[in-house]
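input.txt, holding compact mmCIF, C-alpha atoms and all ligand atoms:
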# COMPACT_ATOMS: atom_id res chain seq x y z
CA MET A 1 -6.80 -11.11 0.17
CA PRO A 2 -4.39 -8.45 1.47
CA LEU A 3 -0.79 -9.48 1.76
CA GLU A 4 0.45 -10.72 5.15
CA LEU A 5 3.00 -8.43 6.85
CA VAL A 6 5.69 -9.68 9.24
CA THR A 7 7.77 -7.09 11.13
CA LEU A 8 11.27 -8.26 12.07
CA ARG A 9 13.61 -6.64 14.58
CA CYS A 10 17.21 -6.68 13.34
CA LEU A 11 20.52 -5.36 14.71
CA LYS A 12 19.93 -2.93 17.59
CA ASP A 13 16.89 -0.99 16.46
CA ASN A 14 16.25 -1.73 12.77
CA TYR A 15 13.11 -3.14 11.22
CA ALA A 16 12.93 -5.38 8.18
CA TYR A 17 9.59 -6.48 6.73
CA LEU A 18 8.38 -9.64 5.01
CA LEU A 19 5.32 -9.44 2.77
CA HIS A 20 3.69 -12.75 1.91
CA GLY A 21 0.90 -13.78 -0.47
CA ASP A 22 -0.19 -16.55 -2.82
CA GLU A 23 2.59 -15.62 -5.24
CA GLY A 24 5.41 -15.81 -2.71
CA THR A 25 7.31 -13.57 -0.31
CA VAL A 26 9.34 -10.38 -0.62
CA LEU A 27 11.63 -8.70 1.90
CA ILE A 28 11.94 -4.95 2.35
CA ASP A 29 15.50 -4.08 3.45
CA ALA A 30 18.08 -6.51 4.80
CA PRO A 31 19.88 -5.17 7.89
CA GLU A 32 21.32 -8.62 8.70
CA ALA A 33 20.76 -12.12 7.34
CA ALA A 34 20.30 -14.38 10.39
CA PRO A 35 16.93 -13.26 11.84
CA ILE A 36 15.43 -12.96 8.36
CA LEU A 37 16.58 -16.43 7.25
CA GLN A 38 15.34 -17.87 10.58
CA GLU A 39 11.89 -16.34 10.10
CA LEU A 40 11.66 -17.62 6.51
CA ALA A 41 12.66 -21.12 7.66
CA ALA A 42 10.21 -21.09 10.59
CA ARG A 43 7.36 -20.20 8.23
CA ASP A 44 8.61 -22.48 5.46
CA TRP A 45 8.59 -19.53 3.04
CA GLY A 46 10.96 -19.05 0.10
CA LEU A 47 11.99 -15.54 -0.90
CA SER A 48 11.45 -14.16 -4.39
CA ALA A 49 12.78 -10.62 -4.08
CA ILE A 50 14.48 -8.07 -1.83
CA LEU A 51 13.37 -4.44 -2.22
CA LEU A 52 15.98 -1.94 -1.04
CA THR A 53 15.08 1.59 0.14
CA HIS A 54 18.57 3.14 0.36
CA HIS A 55 22.24 2.27 0.52
CA HIS A 56 23.07 2.57 4.25
CA SER A 57 24.78 -0.55 5.60
CA ASP A 58 22.13 -1.15 8.26
CA HIS A 59 19.62 -1.66 5.42
CA VAL A 60 21.70 -3.74 2.98
CA ASP A 61 24.35 -5.71 4.90
CA GLY A 62 22.28 -8.93 4.90
CA VAL A 63 21.66 -8.95 1.14
CA ALA A 64 24.61 -11.11 -0.01
CA GLU A 65 23.97 -13.94 2.46
CA ILE A 66 20.18 -13.90 1.93
CA VAL A 67 20.64 -14.04 -1.87
CA LYS A 68 23.10 -16.93 -1.45
CA GLN A 69 20.61 -18.89 0.68
CA THR A 70 17.37 -18.07 -1.18
CA GLY A 71 18.24 -16.98 -4.73
CA ALA A 72 16.04 -13.89 -4.30
CA MET A 73 16.37 -11.13 -6.88
CA VAL A 74 17.53 -7.73 -5.66
CA ILE A 75 15.59 -4.58 -6.59
CA GLY A 76 16.76 -1.04 -5.90
CA ALA A 77 16.91 2.48 -7.27
CA ALA A 78 18.81 3.00 -10.53
CA ALA A 79 20.09 6.31 -9.15
CA ASP A 80 21.75 4.48 -6.25
CA ALA A 81 22.93 1.39 -8.16
CA HIS A 82 26.58 2.43 -7.75
CA ARG A 83 26.36 2.17 -3.97
CA LEU A 84 23.76 -0.57 -3.47
CA PRO A 85 24.55 -4.31 -3.58
CA PRO A 86 24.42 -5.73 -7.16
CA LEU A 87 20.89 -5.17 -8.51
CA ASP A 88 18.91 -7.57 -10.71
CA LEU A 89 16.33 -4.86 -11.39
CA ARG A 90 16.92 -1.10 -11.36
CA ILE A 91 13.84 0.96 -10.61
CA THR A 92 12.99 4.64 -10.99
CA PRO A 93 10.37 6.61 -9.01
CA GLY A 94 7.16 6.97 -10.99
CA GLU A 95 7.76 3.89 -13.12
CA PRO A 96 5.44 0.91 -12.64
CA LEU A 97 6.52 -2.14 -10.64
CA GLU A 98 4.62 -5.26 -9.66
CA ALA A 99 5.30 -7.58 -6.73
CA LEU A 100 3.31 -10.53 -5.37
CA GLY A 101 0.59 -9.84 -7.94
CA GLU A 102 0.03 -6.27 -6.74
CA PRO A 103 1.06 -2.94 -8.28
CA VAL A 104 3.82 -1.18 -6.34
CA LYS A 105 4.29 2.58 -6.52
CA ILE A 106 7.86 3.81 -6.19
CA LEU A 107 8.14 7.19 -4.48
CA ASP A 108 11.21 9.42 -4.37
CA VAL A 109 11.65 10.23 -0.67
CA SER A 110 15.10 11.84 -0.80
CA GLY A 111 16.32 13.79 2.22
CA HIS A 112 17.96 11.29 4.58
CA THR A 113 19.92 10.24 1.50
CA VAL A 114 19.49 11.45 -2.07
CA GLY A 115 17.99 8.56 -4.03
CA HIS A 116 16.09 7.06 -1.09
CA VAL A 117 12.86 5.41 -2.33
CA ALA A 118 9.68 4.25 -0.59
CA PHE A 119 7.50 1.38 -1.80
CA HIS A 120 3.72 1.84 -1.66
CA PHE A 121 1.44 -1.19 -2.04
CA PRO A 122 -1.93 0.57 -2.61
CA GLN A 123 -4.01 -2.64 -2.75
CA SER A 124 -2.86 -3.99 0.62
CA GLY A 125 -2.33 -0.51 2.10
CA PHE A 126 1.33 -0.63 3.11
CA ALA A 127 4.08 1.96 2.57
CA PHE A 128 7.70 1.03 3.30
CA THR A 129 9.32 4.32 4.16
CA ALA A 130 12.58 3.28 5.93
CA ASP A 131 14.42 6.44 7.02
CA SER A 132 12.11 9.04 5.47
CA LEU A 133 8.80 9.20 7.39
CA MET A 134 9.22 7.23 10.64
CA ALA A 135 6.99 6.50 13.61
CA LEU A 136 6.75 9.84 15.49
CA GLY A 137 9.69 11.21 13.51
CA CYS A 138 11.69 11.30 10.30
CA GLY A 139 15.21 10.43 9.24
CA ARG A 140 18.19 12.68 9.84
CA LEU A 141 19.25 14.76 6.83
CA PHE A 142 22.61 13.27 5.83
CA GLU A 143 22.55 14.20 2.14
CA GLY A 144 19.42 16.10 1.21
CA THR A 145 18.11 19.55 2.05
CA PRO A 146 15.21 20.35 4.39
CA GLN A 147 13.13 21.34 1.34
CA MET A 148 13.84 17.95 -0.25
CA MET A 149 12.75 16.05 2.88
CA TRP A 150 9.70 18.26 3.31
CA ASP A 151 8.64 17.48 -0.28
CA SER A 152 9.20 13.76 0.42
CA LEU A 153 7.08 13.88 3.57
CA ALA A 154 4.35 15.73 1.64
CA ARG A 155 4.40 12.97 -0.99
CA LEU A 156 3.93 10.33 1.72
CA ASN A 157 1.32 12.44 3.53
CA ALA A 158 -0.75 12.40 0.34
CA LEU A 159 -1.27 8.62 0.58
CA PRO A 160 -4.62 7.31 1.90
CA ALA A 161 -5.08 7.88 5.67
CA ASP A 162 -5.31 4.16 6.47
CA THR A 163 -1.96 3.34 4.82
CA LEU A 164 0.26 1.48 7.30
CA ILE A 165 3.60 3.32 7.51
CA CYS A 166 6.33 0.68 7.86
CA SER A 167 9.52 2.53 8.74
CA GLY A 168 13.11 1.45 9.25
CA HIS A 169 13.88 1.94 12.94
CA ASP A 170 12.45 1.79 16.43
CA TYR A 171 13.33 5.25 17.72
CA CYS A 172 10.09 5.43 19.67
CA ALA A 173 11.53 6.61 23.00
CA GLY A 174 13.69 9.40 21.57
CA ASN A 175 11.16 10.47 18.95
CA GLY A 176 8.34 10.40 21.50
CA ALA A 177 10.26 12.54 23.99
CA PHE A 178 11.08 15.11 21.32
CA ALA A 179 7.50 15.14 20.00
CA LEU A 180 6.20 15.81 23.51
CA SER A 181 8.71 18.64 24.03
CA VAL A 182 7.43 20.59 21.01
CA ASP A 183 3.78 19.49 21.16
CA PRO A 184 2.98 19.13 24.89
CA ASP A 185 -0.76 19.83 24.61
CA ASN A 186 -1.39 17.16 21.96
CA GLN A 187 -3.72 14.63 23.61
CA ALA A 188 -3.49 12.18 20.67
CA LEU A 189 0.30 12.17 21.12
CA ARG A 190 0.01 11.53 24.89
CA ASP A 191 -2.49 8.73 24.26
CA ARG A 192 -0.19 7.12 21.67
CA LEU A 193 2.82 7.22 23.99
CA ASP A 194 0.72 5.86 26.91
CA THR A 195 -0.51 2.96 24.79
CA VAL A 196 2.98 2.10 23.58
CA GLN A 197 4.43 2.23 27.10
CA ARG A 198 1.61 0.28 28.71
CA ALA A 199 1.67 -2.49 26.13
CA ARG A 200 5.47 -2.41 25.81
CA MET A 201 4.89 -2.54 22.08
CA PRO A 202 6.89 -0.99 19.24
CA CYS A 203 5.42 2.19 17.78
CA ALA A 204 5.93 1.10 14.15
CA PRO A 205 4.25 0.23 11.92
CA ALA A 206 1.42 2.73 12.44
CA PRO A 207 -1.32 4.13 10.18
CA LEU A 208 -0.66 7.41 8.41
CA SER A 209 -3.75 8.88 10.14
CA LEU A 210 -2.01 8.42 13.52
CA GLU A 211 1.26 9.93 12.22
CA ARG A 212 -0.72 12.94 10.96
CA GLU A 213 -2.09 13.48 14.48
CA THR A 214 1.09 12.82 16.47
CA ASN A 215 4.26 13.11 14.36
CA PRO A 216 5.74 16.62 14.82
CA PHE A 217 7.21 16.58 11.31
CA LEU A 218 3.70 16.22 9.87
CA ARG A 219 2.31 18.85 12.29
CA VAL A 220 4.18 21.84 10.90
CA ALA A 221 0.91 23.78 10.47
CA ALA A 222 -0.09 23.24 14.12
CA LEU A 223 3.37 23.89 15.60
CA ARG A 224 4.46 26.97 13.65
CA THR A 225 2.87 29.48 16.07
CA GLY A 226 4.58 27.92 19.08
CA LEU A 227 7.88 28.29 17.25
CA GLY A 228 7.18 31.95 16.46
CA MET A 229 7.27 31.19 12.72
CA GLU A 230 3.79 32.24 11.61
CA ASP A 231 5.05 33.74 8.35
CA ALA A 232 7.73 31.19 7.46
CA SER A 233 7.30 28.61 4.68
CA ASP A 234 6.40 25.03 5.65
CA ALA A 235 9.88 23.89 4.63
CA LYS A 236 11.48 26.50 6.92
CA VAL A 237 9.35 25.39 9.89
CA PHE A 238 10.22 21.78 9.09
CA ALA A 239 13.94 22.70 8.93
CA LYS A 240 13.70 24.35 12.35
CA LEU A 241 12.01 21.27 13.88
CA ARG A 242 14.60 18.94 12.31
CA ALA A 243 17.47 21.07 13.66
CA MET A 244 15.86 21.08 17.13
CA LYS A 245 15.57 17.28 17.00
CA ASP A 246 19.24 16.96 15.98
CA ALA A 247 20.20 19.00 19.07
CA PHE A 248 17.67 17.33 21.40
ZN ZN B 301 19.69 5.23 6.67

Using the file provided, produce a representation of the structure as structure tokens.
Amino acid sequence: MPLELVTLRCLKDNYAYLLHGDEGTVLIDAPEAAPILQELAARDWGLSAILLTHHHSDHVDGVAEIVKQTGAMVIGAAADAHRLPPLDLRITPGEPLEALGEPVKILDVSGHTVGHVAFHFPQSGFAFTADSLMALGCGRLFEGTPQMMWDSLARLNALPADTLICSGHDYCAGNGAFALSVDPDNQALRDRLDTVQRARMPCAPAPLSLERETNPFLRVAALRTGLGMEDASDAKVFAKLRAMKDAF
């Protein structure tokens, strides 16, 4: 049985995720405590662990209160332990982890921050990417270089096509408008935006296959000619797109 996924809106435009199975429930990121504790209570679920992707306050501010109420253990990157809430388990990309009876792959997705990790559950087909690969976009580069983020996106792009990409924010409107501005002839992108608007639904989570077709930051190969960068490296084209998005 695949794990059950619950997407929770928190703060203004953050997502947190609950994963539930026979062995319990884990939370990925804790923007604020109240909506997460309410959802757990409504479903009569306990919480065994909180997996943290990176140290920004809109991903960790709920941790202390949720731990107080549930006793959940806190898991985060060893490299970021100095700026994450107190960790019960320090993890390192590439090392094995298990949660809810499934193997979890820890990927280094530095770029937005250095030390940002993503959690891939290959059996159930989920990847929790927070502010690295996002629906129709990617995180802003606060700490890392364009090359670093490009390598992180390539790592995520190598996951199976049906992996559900569970990212950290609903930036659908802004990301969609930018995507359309650089990729106006992309019918798959227009169809995705139409569907989202018509159904008034969030655009995350979405399968990697759809991000490959519609996310400009995964469409470097298709967009390079339009940018006049036929001979530039992928990372350079990515850097150009990211800078254009910052100024958009
Ligand atoms: Zn962030």

Contacts with ligand ZN 301 (chain B) at most 10 Å, all atoms listed in the file counted, listed as a list of chain:residue names: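 If we count all atoms listed in the file, the neighbours of ligand ZN 301 (chain B) turn out to be A:Asn14, A:Thr53, A:His54, A:His55, A:His56, A:Ser57, A:Asp58, A:His59, A:Val60, A:His112, A:Thr113, A:His116, A:Ala130, A:Asp131, A:Ser132, A:Gly139, A:Arg140, A:Leu141, A:Phe142, A:Gly168, A:His169.
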
Could you dump the residues just selected with C-alpha atoms as a PDB file, in the coordinates of the input?
ATOM      1  CA  ASN A  14      16.250  -1.730  12.770  1.00  0.00           C
ATOM      2  CA  THR A  53      15.080   1.590   0.140  1.00  0.00           C
ATOM      3  CA  HIS A  54      18.570   3.140   0.360  1.00  0.00           C
ATOM      4  CA  HIS A  55      22.240   2.270   0.520  1.00  0.00           C
ATOM      5  CA  HIS A  56      23.070   2.570   4.250  1.00  0.00           C
ATOM      6  CA  SER A  57      24.780  -0.550   5.600  1.00  0.00           C
ATOM      7  CA  ASP A  58      22.130  -1.150   8.260  1.00  0.00           C
ATOM      8  CA  HIS A  59      19.620  -1.660   5.420  1.00  0.00           C
ATOM      9  CA  VAL A  60      21.700  -3.740   2.980  1.00  0.00           C
ATOM     10  CA  HIS A 112      17.960  11.290   4.580  1.00  0.00           C
ATOM     11  CA  THR A 113      19.920  10.240   1.500  1.00  0.00           C
ATOM     12  CA  HIS A 116      16.090   7.060  -1.090  1.00  0.00           C
ATOM     13  CA  ALA A 130      12.580   3.280   5.930  1.00  0.00           C
ATOM     14  CA  ASP A 131      14.420   6.440   7.020  1.00  0.00           C
ATOM     15  CA  SER A 132      12.110   9.040   5.470  1.00  0.00           C
ATOM     16  CA  GLY A 139      15.210  10.430   9.240  1.00  0.00           C
ATOM     17  CA  ARG A 140      18.190  12.680   9.840  1.00  0.00           C
ATOM     18  CA  LEU A 141      19.250  14.760   6.830  1.00  0.00           C
ATOM     19  CA  PHE A 142      22.610  13.270   5.830  1.00  0.00           C
ATOM     20  CA  GLY A 168      13.110   1.450   9.250  1.00  0.00           C
ATOM     21  CA  HIS A 169      13.880   1.940  12.940  1.00  0.00           C
TER      22      HIS A 169
END

Would you kindly return, as a compact mmCIF listing (two decimals) with C-alpha atoms, keeping the file's coordinate frame, each protein, DNA or RNA residue with an atom no farther than 7 Å from any atom of Leu18 (chain A), considering all atoms listed in the file and excluding same-chain residues fewer than 5 positions away?
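The file below, selection-v3.txt, is the result:
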# COMPACT_ATOMS: atom_id res chain seq x y z
CA LEU A 5 3.00 -8.43 6.85
CA VAL A 6 5.69 -9.68 9.24
CA THR A 7 7.77 -7.09 11.13
CA THR A 25 7.31 -13.57 -0.31
CA VAL A 26 9.34 -10.38 -0.62
CA LEU A 27 11.63 -8.70 1.90
CA ILE A 28 11.94 -4.95 2.35

From the options A:Glu211, A:Glu98, A:Glu23, A:Asp191, which residue's atoms come nearest to Leu153 (chain A), counting all atoms listed in the file?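 Looking only at the distances to Leu153 (chain A), the closest residue turns out to be A:Glu211.
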
Near Asp162 (chain A), within 10 Å and counting only C-alpha atoms, which residues show up once chain neighbours fewer than 5 positions away are dropped, as a list in words?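 Listed by chain and then number, they are Gly125, Phe126, Ala206, Pro207, Leu208, Ser209 and Leu210 of chain A.
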
I need the residues from that last selection saved to file as a compact mmCIF listing (two decimals), in the coordinates of the input (with C-alpha atoms), if you can.
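Okay, this is what ended up in result-v2.txt:
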# COMPACT_ATOMS: atom_id res chain seq x y z
CA GLY A 125 -2.33 -0.51 2.10
CA PHE A 126 1.33 -0.63 3.11
CA ALA A 206 1.42 2.73 12.44
CA PRO A 207 -1.32 4.13 10.18
CA LEU A 208 -0.66 7.41 8.41
CA SER A 209 -3.75 8.88 10.14
CA LEU A 210 -2.01 8.42 13.52

Tell me, in Å to one decimal, how far CA of Thr225 (chain A) is from CA of Ala135 (chain A).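 It comes out at 23.5 Å.
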
Find the residues of region 49-143 of chain A that sit at most 8 Å from region 217-223 of chain A; for each, write down the nearest two atoms and how far apart they are in Å, to one decimal. Count all atoms listed in the file. Sort by chain, then by number going up, and give it as a Markdown table.
| residue | atom | partner | partner_atom | distance |
| --- | --- | --- | --- | --- |
| A:Leu136 | CA | A:Phe217 | CA | 7.9 |
| A:Gly137 | CA | A:Phe217 | CA | 6.3 |
| A:Cys138 | CA | A:Phe217 | CA | 7.0 |

Put those residues in a file: C-alpha atoms, as a compact mmCIF listing (two decimals), keeping the file's coordinate frame.
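result24.txt written:
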# COMPACT_ATOMS: atom_id res chain seq x y z
CA LEU A 136 6.75 9.84 15.49
CA GLY A 137 9.69 11.21 13.51
CA CYS A 138 11.69 11.30 10.30

At a cut-off of 10 Å, using only C-alpha atoms, what residues contact Asp22 (chain A)? Leave out same-chain residues fewer than 5 positions from it and give the result as number ranges by chain. A: 1, 3-4, 100-101

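Between CA of Gln187 (chain A) and CA of Pro146 (chain A) the interatomic distance comes to 27.6 Å.
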
Using all atoms listed in the file for the distances, tell me which of A:Asp246, A:Asp88, A:Asp151, A:Asp194 is nearest to Asp234 (chain A).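 Of A:Asp246, A:Asp88, A:Asp151, A:Asp194, the one nearest Asp234 (chain A), counting all atoms listed in the file, is A:Asp151.
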